[in-house]
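Participant: The structure is given below, and queries will be raised subsequently.
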Amino acid sequence: MSTKRVFTLNVALKLKNMGHEIMRDEPNFKNEKLKVFVFKATKEFYKDLNLIVNKAI
């Protein structure tokens with residue numbers, strides 16, 4: 001199973017609200033106060049991620 005890491009809380013929450021499940025969270029190795037969110041990488045996930053990144057949402 002392929003996964004994708006998201007480093008931004010705002011993007012991770014938008015993806016979660018769009019129906020994508022956060023598989024787990026991990027500590028950010030560069031800054032231990034931050035978290036990295038891991039999602040299952042699917043075609044639908046990438047479609048929604050592109051919408052968010054391109055400021056459509």
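Simple scheme: letters A, B, ... for chains in structure tokens order, numbers from 1 for residues in each chain, numbers from 1 for ligands in the order shown.
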Might you pull out every residue within 12 Å of A:Leu13, with only C-alpha atoms counted and same-chain residues fewer than 3 positions away left off, and present them as a compact mmCIF listing (two decimals) with all heavy atoms, in the first residue's frame?

Facilitator:
# COMPACT_ATOMS: atom_id res chain seq x y z
N VAL A 6 1.74 14.31 4.67
CA VAL A 6 1.33 15.71 4.59
C VAL A 6 1.90 16.41 5.80
O VAL A 6 1.69 15.99 6.94
CB VAL A 6 -0.22 15.83 4.54
CG1 VAL A 6 -0.65 17.27 4.56
CG2 VAL A 6 -0.76 15.11 3.31
N PHE A 7 2.60 17.51 5.57
CA PHE A 7 3.30 18.21 6.64
C PHE A 7 2.51 19.38 7.20
O PHE A 7 2.88 19.94 8.22
CB PHE A 7 4.66 18.70 6.14
CG PHE A 7 5.60 17.57 5.82
CD1 PHE A 7 5.60 16.98 4.58
CD2 PHE A 7 6.47 17.09 6.78
CE1 PHE A 7 6.46 15.93 4.29
CE2 PHE A 7 7.33 16.05 6.50
CZ PHE A 7 7.32 15.46 5.25
N THR A 8 1.42 19.77 6.54
CA THR A 8 0.66 20.95 6.94
C THR A 8 -0.65 20.52 7.60
O THR A 8 -1.45 19.80 7.00
CB THR A 8 0.34 21.83 5.71
OG1 THR A 8 1.56 22.07 5.01
CG2 THR A 8 -0.29 23.13 6.11
N LEU A 9 -0.88 20.99 8.82
CA LEU A 9 -2.09 20.64 9.55
C LEU A 9 -3.34 21.08 8.80
O LEU A 9 -4.31 20.32 8.70
CB LEU A 9 -2.07 21.27 10.95
CG LEU A 9 -3.31 21.08 11.80
CD1 LEU A 9 -3.56 19.61 12.08
CD2 LEU A 9 -3.20 21.87 13.09
N ASN A 10 -3.33 22.28 8.25
CA ASN A 10 -4.49 22.81 7.55
C ASN A 10 -4.86 21.92 6.36
O ASN A 10 -6.04 21.60 6.16
CB ASN A 10 -4.20 24.24 7.08
CG ASN A 10 -5.43 24.93 6.56
OD1 ASN A 10 -6.53 24.65 6.98
ND2 ASN A 10 -5.22 25.85 5.64
N LYS A 16 -9.06 15.38 5.52
CA LYS A 16 -9.89 14.56 6.42
C LYS A 16 -11.36 14.92 6.26
O LYS A 16 -12.22 14.03 6.21
CB LYS A 16 -9.44 14.76 7.87
CG LYS A 16 -10.19 13.89 8.84
CD LYS A 16 -9.72 14.09 10.25
CE LYS A 16 -10.57 13.21 11.15
NZ LYS A 16 -10.56 13.64 12.52
N ASN A 17 -11.66 16.20 6.16
CA ASN A 17 -13.05 16.63 5.97
C ASN A 17 -13.61 16.20 4.63
O ASN A 17 -14.83 16.09 4.48
CB ASN A 17 -13.16 18.15 6.12
CG ASN A 17 -12.98 18.60 7.55
OD1 ASN A 17 -13.17 17.83 8.48
ND2 ASN A 17 -12.57 19.84 7.73
N MET A 18 -12.74 15.94 3.66
CA MET A 18 -13.17 15.46 2.35
C MET A 18 -13.35 13.95 2.33
O MET A 18 -13.67 13.37 1.30
CB MET A 18 -12.18 15.90 1.28
CG MET A 18 -12.11 17.40 1.11
SD MET A 18 -10.83 17.91 -0.02
CE MET A 18 -11.73 17.88 -1.55
N GLY A 19 -13.11 13.31 3.48
CA GLY A 19 -13.37 11.87 3.59
C GLY A 19 -12.15 10.98 3.58
O GLY A 19 -12.28 9.75 3.59
N HIS A 20 -10.97 11.55 3.57
CA HIS A 20 -9.75 10.75 3.59
C HIS A 20 -9.33 10.50 5.03
O HIS A 20 -9.30 11.42 5.84
CB HIS A 20 -8.63 11.45 2.83
CG HIS A 20 -8.98 11.71 1.40
ND1 HIS A 20 -8.94 10.73 0.43
CD2 HIS A 20 -9.41 12.84 0.78
CE1 HIS A 20 -9.30 11.25 -0.72
NE2 HIS A 20 -9.61 12.52 -0.52
N GLU A 21 -9.01 9.26 5.32
CA GLU A 21 -8.66 8.88 6.69
C GLU A 21 -7.17 9.08 6.94
O GLU A 21 -6.33 8.71 6.12
CB GLU A 21 -9.00 7.40 6.91
CG GLU A 21 -8.69 6.91 8.30
CD GLU A 21 -9.02 5.45 8.48
OE1 GLU A 21 -9.69 4.87 7.62
OE2 GLU A 21 -8.58 4.88 9.49
N ILE A 22 -6.85 9.69 8.07
CA ILE A 22 -5.47 9.81 8.49
C ILE A 22 -5.06 8.46 9.06
O ILE A 22 -5.61 8.00 10.06
CB ILE A 22 -5.28 10.92 9.54
CG1 ILE A 22 -5.67 12.28 8.95
CG2 ILE A 22 -3.84 10.95 10.05
CD1 ILE A 22 -5.67 13.42 9.95
N VAL A 36 3.62 14.97 11.33
CA VAL A 36 3.45 14.63 9.92
C VAL A 36 2.27 13.67 9.85
O VAL A 36 2.19 12.71 10.61
CB VAL A 36 4.72 13.96 9.36
CG1 VAL A 36 4.52 13.56 7.92
CG2 VAL A 36 5.92 14.87 9.52
N PHE A 37 1.34 13.94 8.94
CA PHE A 37 0.14 13.13 8.81
C PHE A 37 0.27 12.21 7.61
O PHE A 37 0.64 12.65 6.51
CB PHE A 37 -1.08 14.04 8.67
CG PHE A 37 -1.22 14.99 9.83
CD1 PHE A 37 -0.67 16.26 9.77
CD2 PHE A 37 -1.86 14.60 10.99
CE1 PHE A 37 -0.77 17.13 10.84
CE2 PHE A 37 -1.96 15.46 12.06
CZ PHE A 37 -1.41 16.73 11.99
N VAL A 38 -0.03 10.94 7.80
CA VAL A 38 0.14 9.94 6.75
C VAL A 38 -1.23 9.50 6.25
O VAL A 38 -2.10 9.11 7.03
CB VAL A 38 0.93 8.71 7.28
CG1 VAL A 38 1.13 7.69 6.18
CG2 VAL A 38 2.27 9.16 7.86
N PHE A 39 -1.40 9.59 4.93
CA PHE A 39 -2.65 9.21 4.27
C PHE A 39 -2.38 8.08 3.30
O PHE A 39 -1.26 7.92 2.81
CB PHE A 39 -3.22 10.39 3.47
CG PHE A 39 -3.76 11.51 4.30
CD1 PHE A 39 -2.94 12.53 4.74
CD2 PHE A 39 -5.10 11.55 4.64
CE1 PHE A 39 -3.43 13.57 5.50
CE2 PHE A 39 -5.61 12.58 5.40
CZ PHE A 39 -4.78 13.59 5.84
N LEU A 49 -6.02 16.54 -3.12
CA LEU A 49 -4.83 17.28 -2.71
C LEU A 49 -4.51 18.39 -3.72
O LEU A 49 -4.19 19.51 -3.33
CB LEU A 49 -3.65 16.33 -2.57
CG LEU A 49 -2.33 16.95 -2.12
CD1 LEU A 49 -2.46 17.58 -0.74
CD2 LEU A 49 -1.22 15.91 -2.13
N ILE A 52 -6.83 21.33 -3.19
CA ILE A 52 -6.47 22.12 -2.01
C ILE A 52 -5.22 22.95 -2.28
O ILE A 52 -5.19 24.14 -1.99
CB ILE A 52 -6.25 21.19 -0.79
CG1 ILE A 52 -7.56 20.54 -0.38
CG2 ILE A 52 -5.64 21.96 0.38
CD1 ILE A 52 -7.41 19.42 0.61

Participant: Find the residues near A:Asp48: any atom within 12 Å, counting only C-alpha atoms, skip ones fewer than 5 places away on the same chain, and give them as a list in words.

Facilitator: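 Surrounding residues, per the criterion: Val11, Ala12, Lys14, Leu15, Lys16, Asn17, Met18, Gly19, His20, Ala41, Thr42, Lys43, Val53, Asn54, Lys55, Ala56 and Ile57 of chain A.
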
Participant: As a CSV table (one decimal) with N, CA and C atoms, in the first residue's frame, please: all residues of chain A that backbone DSSP puts in alpha helix (DSSP H).

Facilitator:
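Listed below is the output, result28.csv:
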chain,number,residue,atom,x,y,z
A,9,LEU,N,-0.9,21.0,8.8
A,9,LEU,CA,-2.1,20.6,9.6
A,9,LEU,C,-3.3,21.1,8.8
A,10,ASN,N,-3.3,22.3,8.3
A,10,ASN,CA,-4.5,22.8,7.6
A,10,ASN,C,-4.9,21.9,6.4
A,11,VAL,N,-3.9,21.5,5.6
A,11,VAL,CA,-4.1,20.6,4.4
A,11,VAL,C,-4.6,19.3,4.9
A,12,ALA,N,-4.0,18.7,6.0
A,12,ALA,CA,-4.5,17.4,6.5
A,12,ALA,C,-5.9,17.5,7.0
A,13,LEU,N,-6.3,18.5,7.6
A,13,LEU,CA,-7.7,18.6,8.1
A,13,LEU,C,-8.7,18.8,7.0
A,14,LYS,N,-8.3,19.5,5.9
A,14,LYS,CA,-9.2,19.6,4.8
A,14,LYS,C,-9.3,18.3,4.1
A,15,LEU,N,-8.2,17.5,4.0
A,15,LEU,CA,-8.3,16.2,3.4
A,15,LEU,C,-9.2,15.3,4.2
A,16,LYS,N,-9.1,15.4,5.5
A,16,LYS,CA,-9.9,14.6,6.4
A,16,LYS,C,-11.4,14.9,6.3
A,17,ASN,N,-11.7,16.2,6.2
A,17,ASN,CA,-13.1,16.6,6.0
A,17,ASN,C,-13.6,16.2,4.6
A,43,LYS,N,-5.9,7.6,-6.2
A,43,LYS,CA,-6.2,8.6,-7.3
A,43,LYS,C,-7.1,9.7,-6.7
A,44,GLU,N,-8.1,9.4,-5.9
A,44,GLU,CA,-9.0,10.4,-5.3
A,44,GLU,C,-8.2,11.3,-4.4
A,45,PHE,N,-7.3,10.7,-3.6
A,45,PHE,CA,-6.5,11.5,-2.7
A,45,PHE,C,-5.7,12.6,-3.4
A,46,TYR,N,-5.0,12.2,-4.5
A,46,TYR,CA,-4.2,13.1,-5.3
A,46,TYR,C,-5.1,14.2,-5.9
A,47,LYS,N,-6.3,13.8,-6.4
A,47,LYS,CA,-7.2,14.7,-7.0
A,47,LYS,C,-7.6,15.8,-6.0
A,48,ASP,N,-8.0,15.4,-4.8
A,48,ASP,CA,-8.4,16.3,-3.7
A,48,ASP,C,-7.2,17.1,-3.2
A,49,LEU,N,-6.0,16.5,-3.1
A,49,LEU,CA,-4.8,17.3,-2.7
A,49,LEU,C,-4.5,18.4,-3.7
A,50,ASN,N,-4.6,18.1,-5.0
A,50,ASN,CA,-4.4,19.1,-6.0
A,50,ASN,C,-5.4,20.2,-5.9
A,51,LEU,N,-6.7,19.9,-5.6
A,51,LEU,CA,-7.7,21.0,-5.4
A,51,LEU,C,-7.3,21.9,-4.3
A,52,ILE,N,-6.8,21.3,-3.2
A,52,ILE,CA,-6.5,22.1,-2.0
A,52,ILE,C,-5.2,23.0,-2.3
A,53,VAL,N,-4.2,22.3,-2.8
A,53,VAL,CA,-2.9,23.0,-3.1
A,53,VAL,C,-3.1,24.1,-4.1
